[in-house]
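So this block is my_file-v3.cif, mmCIF, C-alpha atoms:
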```cif
data_model
loop_
_atom_site.label_atom_id
_atom_site.label_comp_id
_atom_site.auth_asym_id
_atom_site.auth_seq_id
_atom_site.Cartn_x
_atom_site.Cartn_y
_atom_site.Cartn_z
CA MET A 14 -0.90 -17.93 -13.38
CA CYS A 15 -2.91 -15.58 -15.55
CA ILE A 16 -6.32 -14.27 -14.63
CA ARG A 17 -8.75 -13.23 -17.27
CA CYS A 18 -9.66 -9.60 -16.99
CA GLU A 19 -13.17 -8.26 -16.91
CA ARG A 20 -13.14 -5.52 -19.51
CA SER A 21 -14.74 -2.22 -18.74
CA SER A 22 -17.65 -1.23 -20.94
CA SER A 23 -17.18 2.46 -20.19
CA GLY A 24 -14.26 2.85 -22.58
CA THR A 25 -12.43 5.13 -20.14
CA ALA A 26 -8.67 5.31 -19.71
CA ALA A 27 -6.18 3.14 -17.86
CA VAL A 28 -7.62 3.41 -14.40
CA SER A 29 -11.08 2.48 -15.66
CA ALA A 30 -10.56 -0.87 -13.94
CA LEU A 31 -12.73 0.51 -11.16
CA PRO A 32 -15.64 -1.81 -10.30
CA SER A 33 -19.23 -1.10 -11.19
CA ALA A 34 -21.65 0.60 -8.82
CA ALA A 35 -23.05 -2.83 -7.91
CA SER A 36 -19.68 -3.96 -6.59
CA PRO A 37 -19.11 -3.92 -2.79
CA TRP A 38 -15.90 -2.05 -3.61
CA HIS A 39 -17.55 0.95 -5.21
CA PRO A 40 -15.19 3.98 -4.89
CA ARG A 41 -17.95 6.10 -3.36
CA ARG A 42 -18.27 3.60 -0.51
CA ALA A 43 -14.52 3.53 -0.06
CA PHE A 44 -14.46 7.34 0.12
CA LEU A 45 -17.16 7.40 2.79
CA LEU A 46 -15.31 4.78 4.82
CA ALA A 47 -12.08 6.76 4.57
CA ALA A 48 -13.86 9.96 5.63
CA ALA A 49 -15.33 8.15 8.63
CA GLY A 50 -11.84 7.54 9.91
CA ALA A 51 -11.40 11.25 10.62
CA ALA A 52 -13.57 10.83 13.71
CA LEU A 53 -10.95 8.55 15.24
CA GLY A 54 -8.58 11.36 16.05
CA GLY A 55 -5.05 12.13 14.87
CA PRO A 56 -1.80 10.18 15.07
CA ALA A 57 -1.35 11.60 18.56
CA LEU A 58 -3.77 8.84 19.59
CA ALA A 59 -1.61 6.19 17.96
CA GLN A 60 -0.37 3.35 20.12
CA VAL A 61 2.84 2.83 18.15
CA ASP A 62 5.54 5.49 18.25
CA VAL A 63 6.89 6.47 14.83
CA GLY A 64 7.45 10.19 15.37
CA LYS A 65 6.67 12.87 12.80
CA ALA A 66 6.70 12.31 9.05
CA SER A 67 9.84 13.42 7.20
CA VAL A 68 9.94 17.14 6.41
CA ALA A 69 11.93 16.36 3.24
CA ARG A 70 8.69 15.35 1.55
CA ASN A 71 7.67 19.01 1.44
CA LEU A 72 10.17 19.57 -1.41
CA VAL A 73 7.79 17.69 -3.70
CA PRO A 74 4.11 18.76 -3.65
CA ALA A 75 1.86 15.86 -2.69
CA ASP A 76 -0.49 16.30 -5.64
CA LYS A 77 2.39 15.84 -8.09
CA ILE A 78 3.67 12.62 -6.56
CA GLU A 79 0.11 11.29 -6.29
CA ALA A 80 -0.50 12.13 -9.95
CA ALA A 81 2.66 10.22 -10.85
CA GLY A 82 1.40 7.28 -8.82
CA VAL A 83 -1.97 7.29 -10.56
CA GLN A 84 -0.28 7.40 -13.96
CA GLN A 85 2.08 4.51 -13.27
CA TYR A 86 -0.67 2.46 -11.65
CA GLY A 87 -2.85 2.96 -14.70
CA GLN A 88 -0.03 1.87 -16.99
CA LEU A 89 0.50 -1.27 -14.91
CA LEU A 90 -3.20 -2.16 -15.09
CA GLU A 91 -3.23 -1.65 -18.86
CA GLN A 92 -0.24 -3.96 -19.26
CA ALA A 93 -1.89 -6.59 -17.06
CA ARG A 94 -5.17 -6.27 -18.93
CA ALA A 95 -3.40 -6.69 -22.29
CA LYS A 96 -1.90 -9.95 -21.04
CA GLY A 97 -5.20 -11.20 -19.63
CA ALA A 98 -3.74 -11.03 -16.13
CA LEU A 99 -5.98 -8.43 -14.50
CA ALA A 100 -8.59 -9.94 -12.19
CA GLY A 101 -12.23 -9.05 -12.74
CA ASP A 102 -14.58 -7.91 -9.98
CA ASN A 103 -15.97 -11.43 -9.52
CA ASN A 104 -12.59 -13.01 -8.85
CA PRO A 105 -12.71 -14.57 -5.34
CA GLN A 106 -9.17 -13.56 -4.47
CA LEU A 107 -9.80 -9.97 -5.50
CA GLN A 108 -13.04 -9.89 -3.52
CA ARG A 109 -11.11 -11.12 -0.49
CA LEU A 110 -8.52 -8.36 -0.90
CA ARG A 111 -11.18 -5.69 -1.28
CA ALA A 112 -13.05 -6.93 1.79
CA ILE A 113 -9.86 -6.59 3.84
CA ALA A 114 -9.15 -3.14 2.41
CA THR A 115 -12.70 -2.04 3.27
CA ARG A 116 -11.92 -2.75 6.92
CA LEU A 117 -8.51 -1.02 6.87
CA ILE A 118 -9.33 2.18 4.98
CA PRO A 119 -11.47 3.84 7.71
CA PHE A 120 -8.37 4.00 9.90
CA ALA A 121 -6.15 5.63 7.28
CA THR A 122 -7.24 9.27 7.47
CA PRO A 123 -5.87 9.98 10.98
CA TRP A 124 -2.41 9.18 9.63
CA ASN A 125 -2.74 11.49 6.64
CA SER A 126 -5.60 13.93 6.07
CA ARG A 127 -5.09 13.72 2.30
CA ALA A 128 -6.27 10.11 2.41
CA ARG A 129 -9.81 11.44 2.83
CA SER A 130 -9.83 12.48 -0.83
CA TRP A 131 -7.88 9.56 -2.27
CA LYS A 132 -9.74 7.40 -4.76
CA TRP A 133 -8.72 4.08 -3.26
CA GLU A 134 -8.33 1.16 -5.61
CA VAL A 135 -7.43 -2.49 -5.06
CA ASN A 136 -6.51 -4.72 -7.97
CA LEU A 137 -5.08 -8.20 -8.40
CA ILE A 138 -2.57 -9.19 -11.07
CA GLY A 139 -1.93 -12.78 -12.09
CA SER A 140 1.79 -13.34 -11.66
CA LYS A 141 4.09 -15.73 -9.80
CA GLN A 142 5.87 -12.71 -8.33
CA ILE A 143 5.69 -12.45 -4.56
CA ASN A 144 4.87 -8.78 -4.40
CA ALA A 145 2.35 -6.12 -3.38
CA PHE A 146 2.39 -2.33 -3.14
CA CYS A 147 0.35 0.79 -2.50
CA MET A 148 1.13 3.77 -4.71
CA PRO A 149 0.78 7.35 -3.47
CA GLY A 150 -2.89 8.25 -3.61
CA GLY A 151 -4.16 4.88 -2.36
CA LYS A 152 -3.58 2.68 -5.43
CA ILE A 153 -3.11 -0.88 -4.13
CA ALA A 154 -2.06 -3.94 -6.13
CA PHE A 155 -1.33 -7.52 -5.12
CA PHE A 156 0.25 -10.22 -7.27
CA THR A 157 -1.28 -13.69 -7.03
CA GLY A 158 2.13 -15.12 -6.17
CA ILE A 159 2.18 -13.55 -2.71
CA LEU A 160 -1.23 -15.07 -1.91
CA ASP A 161 -0.66 -18.49 -3.44
CA GLN A 162 2.97 -19.22 -2.67
CA LEU A 163 2.95 -17.93 0.91
CA LYS A 164 -0.59 -19.19 1.57
CA LEU A 165 -1.42 -16.04 3.50
CA THR A 166 -4.25 -15.97 6.01
CA ASP A 167 -6.59 -12.96 6.07
CA ASP A 168 -4.68 -11.63 9.08
CA GLU A 169 -1.38 -11.88 7.20
CA VAL A 170 -2.84 -10.26 4.08
CA ALA A 171 -4.01 -7.39 6.31
CA MET A 172 -0.46 -6.98 7.60
CA VAL A 173 0.94 -6.79 4.07
CA MET A 174 -1.77 -4.37 2.98
CA GLY A 175 -1.46 -2.26 6.13
CA HIS A 176 2.30 -2.05 5.64
CA GLU A 177 1.95 -0.91 2.02
CA MET A 178 -0.80 1.57 2.90
CA ALA A 179 1.48 2.95 5.60
CA HIS A 180 4.19 3.73 3.04
CA ALA A 181 1.64 5.84 1.16
CA LEU A 182 0.18 7.45 4.27
CA ARG A 183 3.59 8.39 5.65
CA GLU A 184 4.52 9.65 2.15
CA HIS A 185 7.78 7.72 2.07
CA ALA A 186 7.99 7.79 -1.74
CA ARG A 187 7.54 11.56 -1.75
CA ALA A 188 10.31 11.98 0.81
CA ARG A 189 12.67 9.54 -0.94
CA MET A 190 12.21 11.29 -4.28
CA ALA A 191 13.02 14.63 -2.69
CA LYS A 192 16.09 13.29 -0.87
CA SER A 193 17.49 11.45 -3.86
CA ALA A 194 17.00 14.39 -6.24
CA GLY A 195 18.28 17.08 -3.88
CA THR A 196 17.74 20.79 -4.27
CA GLY A 197 20.14 21.03 -7.22
CA ALA A 198 18.26 18.70 -9.57
CA VAL A 199 18.47 19.70 -13.21
CA LEU A 200 15.24 20.76 -14.87
CA SER A 201 14.09 18.44 -17.64
CA LEU A 202 12.89 19.96 -20.90
CA GLY A 203 9.66 17.98 -20.73
CA ALA A 204 8.86 19.23 -17.26
CA GLN A 205 9.53 22.83 -18.28
CA MET A 206 7.22 22.46 -21.24
CA LEU A 207 4.51 21.23 -18.91
CA GLY A 208 5.09 24.24 -16.72
CA TRP A 209 5.91 22.13 -13.65
CA GLY A 210 9.54 23.21 -13.39
CA GLN A 211 11.73 21.27 -10.98
CA VAL A 212 8.72 19.90 -9.16
CA GLY A 213 7.44 18.37 -12.38
CA ASP A 214 10.85 16.82 -13.06
CA LEU A 215 10.86 15.14 -9.66
CA ALA A 216 7.32 13.89 -10.12
CA ALA A 217 8.16 12.55 -13.58
CA ARG A 218 11.09 10.62 -12.16
CA ALA A 219 8.87 9.29 -9.41
CA GLY A 220 6.47 7.98 -12.02
CA THR A 221 9.11 5.57 -13.30
CA GLN A 222 10.46 4.53 -9.91
CA LEU A 223 7.56 4.22 -7.49
CA ILE A 224 6.94 0.48 -7.77
CA THR A 225 10.57 -0.54 -7.30
CA LEU A 226 11.53 2.22 -4.87
CA LYS A 227 13.69 0.98 -2.00
CA PHE A 228 12.82 2.67 1.26
CA SER A 229 15.22 3.28 4.12
CA ARG A 230 15.37 1.05 7.15
CA SER A 231 13.56 3.68 9.20
CA ASP A 232 10.83 3.94 6.55
CA GLU A 233 10.37 0.17 6.67
CA THR A 234 10.11 0.22 10.46
CA GLU A 235 7.51 3.01 10.29
CA ALA A 236 5.49 1.08 7.71
CA ASP A 237 5.67 -2.08 9.82
CA LEU A 238 4.39 -0.33 12.93
CA VAL A 239 1.75 1.89 11.30
CA GLY A 240 0.53 -1.10 9.29
CA LEU A 241 0.42 -3.18 12.47
CA GLU A 242 -1.82 -0.61 14.13
CA LEU A 243 -4.06 -0.16 11.09
CA ALA A 244 -4.64 -3.92 10.93
CA ALA A 245 -5.19 -4.26 14.69
CA ARG A 246 -7.78 -1.45 14.70
CA ALA A 247 -9.52 -3.23 11.82
CA GLY A 248 -9.75 -6.44 13.87
CA TYR A 249 -6.84 -8.43 12.44
CA ASP A 250 -4.59 -10.39 14.78
CA PRO A 251 -1.34 -8.47 15.40
CA LYS A 252 0.56 -11.75 15.85
CA ALA A 253 0.10 -12.31 12.12
CA SER A 254 2.77 -9.65 11.53
CA VAL A 255 5.32 -12.04 13.02
CA SER A 256 4.10 -15.13 11.15
CA LEU A 257 4.06 -13.09 7.91
CA TRP A 258 7.73 -12.17 8.15
CA GLN A 259 8.64 -15.67 9.22
CA LYS A 260 7.04 -16.87 5.99
CA MET A 261 8.90 -14.18 4.06
CA ALA A 262 12.20 -15.23 5.58
CA ALA A 263 11.55 -18.88 4.72
CA ALA A 264 10.57 -17.98 1.15
CA SER A 265 13.73 -15.92 0.68
CA LYS A 266 15.83 -19.01 1.35
CA ASN A 267 13.96 -21.05 -1.25
CA GLN A 268 13.76 -18.46 -4.03
CA GLY A 269 16.53 -16.42 -5.56
CA SER A 270 14.30 -13.61 -6.85
CA LEU A 271 11.74 -12.68 -4.24
CA ASN A 272 10.48 -9.31 -5.49
CA PHE A 273 8.89 -8.23 -2.25
CA LEU A 274 12.08 -8.80 -0.26
CA SER A 275 14.16 -6.90 -2.80
CA THR A 276 12.50 -3.73 -1.50
CA HIS A 277 11.41 -5.05 1.92
CA PRO A 278 14.40 -6.92 3.39
CA SER A 279 13.55 -9.42 6.10
CA GLY A 280 15.53 -10.28 9.18
CA PRO A 281 15.36 -11.10 12.87
CA ASP A 282 15.57 -7.41 13.83
CA ARG A 283 12.35 -6.71 11.95
CA ILE A 284 10.49 -9.48 13.75
CA THR A 285 11.94 -8.43 17.12
CA LYS A 286 10.62 -4.88 16.69
CA LEU A 287 7.19 -6.15 15.73
CA GLU A 288 7.08 -8.49 18.72
CA ALA A 289 8.03 -5.60 21.01
CA ASN A 290 5.05 -3.60 19.72
CA LEU A 291 2.43 -6.34 19.91
CA PRO A 292 1.39 -5.40 23.49
CA LYS A 293 0.78 -1.81 22.34
CA VAL A 294 -1.91 -2.80 19.86
CA GLU A 295 -3.35 -5.90 21.51
CA LYS A 296 -6.18 -3.97 23.18
CA LEU A 297 -7.06 -2.30 19.87
CA TYR A 298 -7.42 -5.75 18.36
CA ARG A 299 -9.51 -7.09 21.24
CA ASP A 300 -11.80 -4.03 21.16
CA ALA A 301 -12.24 -4.36 17.39
CA ARG A 302 -13.24 -8.01 17.79
CA LYS A 303 -15.98 -7.25 20.31
#
```
Spell out the structure here as structure tokens.
Amino acid sequence: MCIRCERSSSGTAAVSALPSAASPWHPRRAFLLAAAGAALGGPALAQVDVGKASVARNLVPADKIEAAGVQQYGQLLEQARAKGALAGDNNPQLQRLRAIATRLIPFATPWNSRARSWKWEVNLIGSKQINAFCMPGGKIAFFTGILDQLKLTDDEVAMVMGHEMAHALREHARARMAKSAGTGAVLSLGAQMLGWGQVGDLAARAGTQLITLKFSRSDETEADLVGLELAARAGYDPKASVSLWQKMAAASKNQGSLNFLSTHPSGPDRITKLEANLPKVEKLYRDARK
């Protein structure tokens, strides 16, 4: 399924897919919503227990990995636009995604103070792929396949989005890049020419790997639980996390190439852990619904 893109009249670069000021998803509004989340307190107030973020991420400066994310995200949007597969601001499915994101974003900052300055974006790409992701820096993309083929409810979409946002907030890509490269990584000539040294080399590698990066089992558990809490605080039913992964498991049996599950393996253990944490966030959900 291809969606006709709404071309920007500004003539700016790849990430110019940002909506107009008249759109409910204007980046200024998203920034204000994200900043409002700071008043909620830090992760110490979290109901789920995921411990401290990996210290390995400190080997790669956050601004470099975020810049790599912005670059790759922009390239993806350009490719989708060229194929007529990038949804315009008036697309109902995209509006639905952005409405859900608008509710989730205010609760992001307590998990990562850098999220206050992220220029959040949500875009929809017409593709049968069952996939979604959030790049470092708050760049979110969904493929129509995950919405259409799994027939996701708003609550289930919020669980997917919260999970992907959690990967970015917990800086899992930054940590994985640092761990996989190690301290003895060889400097690339291009990075040296840019003056970034080893850090630039790692960020450059990240720019080609971020979308398909496979996180560790512990990273996936963190993203599940942080995403669960983000969605519950935003007023989305926590039980949808279980029905979501049940749908994923069923889809994996019917399709040989399920992109989302290639980097987010499903299984009974995943559902069991989510079920065990439902009581921890139930009150957050009830309070949000009042």
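Evaluating the PyMOL selection byres ((chain A and resi 106-112) around 8) against the shown model yields Trp38, Ala100, Gly101, Asp102, Asn103, Asn104, Pro105, Ile113, Ala114, Thr115, Arg116, Val135, Asn136, Leu137 and Val170 of chain A.
Put simply, atom CA of A:Leu238 is 7.0 Å away from atom CA of A:Leu287.
Picture a line from atom CA of A:Ile78 to atom CA of A:Gly151; it runs 11.8 Å.
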| task | Select, from A:Cys147, A:Ala171, A:Ala98, A:Ala181, the residue with the minimum atom-to-atom distance to A:Ala128, counting only C-alpha atoms. | result | A:Ala181
| field | Close residues, A:Val239 itself excluded, 8 Å, all atoms listed in the file, min 2 positions apart in chain, as a list in words | value | Val61, Val63, Gly175, His176, Ala179, Glu235, Ala236, Asp237, Leu241, Glu242 and Leu243 of chain A
| Do you know which residues are at most 10 Å from A:Gly150 counting only C-alpha atoms, after dropping those on the same chain fewer than 6 positions away, and could you put them as a ChimeraX atom specification? | /A:75-76,78-83,127-134,178,181-182,184
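When the PyMOL selection byres ((chain A and resi 301) around 7) is run on the displayed coordinates, the residues it returns are Arg246, Ala247, Gly248, Leu297, Tyr298, Arg299, Asp300, Arg302 and Lys303 of chain A.
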| field | Residues matched by the PyMOL selection byres ((chain A and resi 252) around 10) as an MDAnalysis selection string | value | chainID A and resid 168:169 172 241 245 249:251 253:257 287:288 291:292 295
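Remark: for A:Met148, the closest of the candidate residues A:Ala95, A:Ala186, A:Leu117, A:Ala263 is A:Ala186 (distances computed over all atoms listed in the file).
For the set A:Gly240, A:Pro74, A:Gly139, A:Pro123, the residue with the smallest atom-to-atom gap to A:Leu90 is A:Gly139, counting all atoms listed in the file.
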| What is the distance, in Å and to one decimal place, between atom CA of A:Ser229 and atom CA of A:Arg283? | 13.0 Å
| Residue contacts of A:Phe156 (10 Å, only C-alpha atoms) excluding same-chain residues fewer than 3 positions away, as an NGL selection string | :A and (14 or 98-99 or 136-146 or 159-161)
| remark: Min atom-atom distance to A:Phe120 from the set A:Lys260, A:Tyr86, A:Asp62, A:Ala244, counting all atoms listed in the file, belongs to A:Ala244
Take stretch 146-157 of chain A from the preceding structure and save all heavy atoms as a PDB file, in the first residue's frame.
```pdb
ATOM      1  N   PHE A 146       9.501   2.180  14.660  1.00  0.00           N
ATOM      2  CA  PHE A 146      10.721   2.455  15.421  1.00  0.00           C
ATOM      3  C   PHE A 146      10.730   3.901  15.885  1.00  0.00           C
ATOM      4  O   PHE A 146       9.970   4.733  15.398  1.00  0.00           O
ATOM      5  CB  PHE A 146      11.976   2.164  14.584  1.00  0.00           C
ATOM      6  CG  PHE A 146      12.087   2.981  13.327  1.00  0.00           C
ATOM      7  CD1 PHE A 146      12.614   4.258  13.348  1.00  0.00           C
ATOM      8  CD2 PHE A 146      11.659   2.458  12.112  1.00  0.00           C
ATOM      9  CE1 PHE A 146      12.700   5.021  12.181  1.00  0.00           C
ATOM     10  CE2 PHE A 146      11.752   3.212  10.946  1.00  0.00           C
ATOM     11  CZ  PHE A 146      12.273   4.487  10.985  1.00  0.00           C
ATOM     12  N   CYS A 147      11.605   4.183  16.836  1.00  0.00           N
ATOM     13  CA  CYS A 147      11.882   5.547  17.278  1.00  0.00           C
ATOM     14  C   CYS A 147      13.383   5.713  17.303  1.00  0.00           C
ATOM     15  O   CYS A 147      14.070   5.047  18.078  1.00  0.00           O
ATOM     16  CB  CYS A 147      11.289   5.826  18.656  1.00  0.00           C
ATOM     17  SG  CYS A 147      11.639   7.503  19.278  1.00  0.00           S
ATOM     18  N   MET A 148      13.894   6.568  16.447  1.00  0.00           N
ATOM     19  CA  MET A 148      15.337   6.812  16.381  1.00  0.00           C
ATOM     20  C   MET A 148      15.776   7.685  17.554  1.00  0.00           C
ATOM     21  O   MET A 148      14.962   8.415  18.137  1.00  0.00           O
ATOM     22  CB  MET A 148      15.673   7.526  15.075  1.00  0.00           C
ATOM     23  CG  MET A 148      15.217   6.804  13.826  1.00  0.00           C
ATOM     24  SD  MET A 148      16.267   5.412  13.420  1.00  0.00           S
ATOM     25  CE  MET A 148      17.538   6.248  12.495  1.00  0.00           C
ATOM     26  N   PRO A 149      17.063   7.636  17.909  1.00  0.00           N
ATOM     27  CA  PRO A 149      17.568   8.566  18.918  1.00  0.00           C
ATOM     28  C   PRO A 149      17.215  10.003  18.527  1.00  0.00           C
ATOM     29  O   PRO A 149      17.307  10.383  17.364  1.00  0.00           O
ATOM     30  CB  PRO A 149      19.090   8.338  18.859  1.00  0.00           C
ATOM     31  CG  PRO A 149      19.226   6.915  18.409  1.00  0.00           C
ATOM     32  CD  PRO A 149      18.111   6.709  17.428  1.00  0.00           C
ATOM     33  N   GLY A 150      16.764  10.770  19.503  1.00  0.00           N
ATOM     34  CA  GLY A 150      16.360  12.142  19.219  1.00  0.00           C
ATOM     35  C   GLY A 150      14.873  12.302  18.997  1.00  0.00           C
ATOM     36  O   GLY A 150      14.397  13.390  18.681  1.00  0.00           O
ATOM     37  N   GLY A 151      14.098  11.204  19.161  1.00  0.00           N
ATOM     38  CA  GLY A 151      12.646  11.304  19.088  1.00  0.00           C
ATOM     39  C   GLY A 151      12.049  11.248  17.697  1.00  0.00           C
ATOM     40  O   GLY A 151      10.988  11.817  17.453  1.00  0.00           O
ATOM     41  N   LYS A 152      12.697  10.557  16.770  1.00  0.00           N
ATOM     42  CA  LYS A 152      12.204  10.438  15.398  1.00  0.00           C
ATOM     43  C   LYS A 152      11.449   9.116  15.244  1.00  0.00           C
ATOM     44  O   LYS A 152      12.049   8.043  15.151  1.00  0.00           O
ATOM     45  CB  LYS A 152      13.365  10.516  14.402  1.00  0.00           C
ATOM     46  CG  LYS A 152      14.241  11.755  14.563  1.00  0.00           C
ATOM     47  CD  LYS A 152      13.440  13.043  14.407  1.00  0.00           C
ATOM     48  CE  LYS A 152      14.346  14.271  14.467  1.00  0.00           C
ATOM     49  NZ  LYS A 152      13.583  15.528  14.362  1.00  0.00           N
ATOM     50  N   ILE A 153      10.116   9.210  15.206  1.00  0.00           N
ATOM     51  CA  ILE A 153       9.250   8.030  15.202  1.00  0.00           C
ATOM     52  C   ILE A 153       8.703   7.774  13.799  1.00  0.00           C
ATOM     53  O   ILE A 153       8.326   8.698  13.085  1.00  0.00           O
ATOM     54  CB  ILE A 153       8.067   8.231  16.167  1.00  0.00           C
ATOM     55  CG1 ILE A 153       8.582   8.464  17.599  1.00  0.00           C
ATOM     56  CG2 ILE A 153       7.107   7.045  16.123  1.00  0.00           C
ATOM     57  CD1 ILE A 153       7.508   8.913  18.576  1.00  0.00           C
ATOM     58  N   ALA A 154       8.655   6.497  13.417  1.00  0.00           N
ATOM     59  CA  ALA A 154       8.044   6.116  12.139  1.00  0.00           C
ATOM     60  C   ALA A 154       7.272   4.817  12.320  1.00  0.00           C
ATOM     61  O   ALA A 154       7.727   3.904  13.022  1.00  0.00           O
ATOM     62  CB  ALA A 154       9.095   5.956  11.045  1.00  0.00           C
ATOM     63  N   PHE A 155       6.102   4.761  11.717  1.00  0.00           N
ATOM     64  CA  PHE A 155       5.304   3.537  11.662  1.00  0.00           C
ATOM     65  C   PHE A 155       5.130   3.161  10.195  1.00  0.00           C
ATOM     66  O   PHE A 155       5.077   4.034   9.320  1.00  0.00           O
ATOM     67  CB  PHE A 155       3.914   3.762  12.278  1.00  0.00           C
ATOM     68  CG  PHE A 155       3.830   3.494  13.756  1.00  0.00           C
ATOM     69  CD1 PHE A 155       4.531   4.286  14.656  1.00  0.00           C
ATOM     70  CD2 PHE A 155       3.050   2.458  14.252  1.00  0.00           C
ATOM     71  CE1 PHE A 155       4.459   4.055  16.018  1.00  0.00           C
ATOM     72  CE2 PHE A 155       2.963   2.214  15.610  1.00  0.00           C
ATOM     73  CZ  PHE A 155       3.676   3.012  16.502  1.00  0.00           C
ATOM     74  N   PHE A 156       5.051   1.868   9.930  1.00  0.00           N
ATOM     75  CA  PHE A 156       4.707   1.382   8.601  1.00  0.00           C
ATOM     76  C   PHE A 156       3.235   0.984   8.629  1.00  0.00           C
ATOM     77  O   PHE A 156       2.745   0.467   9.641  1.00  0.00           O
ATOM     78  CB  PHE A 156       5.591   0.192   8.229  1.00  0.00           C
ATOM     79  CG  PHE A 156       7.039   0.553   8.021  1.00  0.00           C
ATOM     80  CD1 PHE A 156       7.894   0.732   9.096  1.00  0.00           C
ATOM     81  CD2 PHE A 156       7.537   0.732   6.740  1.00  0.00           C
ATOM     82  CE1 PHE A 156       9.221   1.081   8.913  1.00  0.00           C
ATOM     83  CE2 PHE A 156       8.872   1.082   6.540  1.00  0.00           C
ATOM     84  CZ  PHE A 156       9.717   1.262   7.623  1.00  0.00           C
ATOM     85  N   THR A 157       2.541   1.231   7.521  1.00  0.00           N
ATOM     86  CA  THR A 157       1.104   0.947   7.503  1.00  0.00           C
ATOM     87  C   THR A 157       0.800  -0.518   7.780  1.00  0.00           C
ATOM     88  O   THR A 157      -0.265  -0.845   8.292  1.00  0.00           O
ATOM     89  CB  THR A 157       0.487   1.350   6.150  1.00  0.00           C
ATOM     90  OG1 THR A 157       1.207   0.709   5.089  1.00  0.00           O
ATOM     91  CG2 THR A 157       0.512   2.855   5.962  1.00  0.00           C
TER      92      THR A 157
END
```
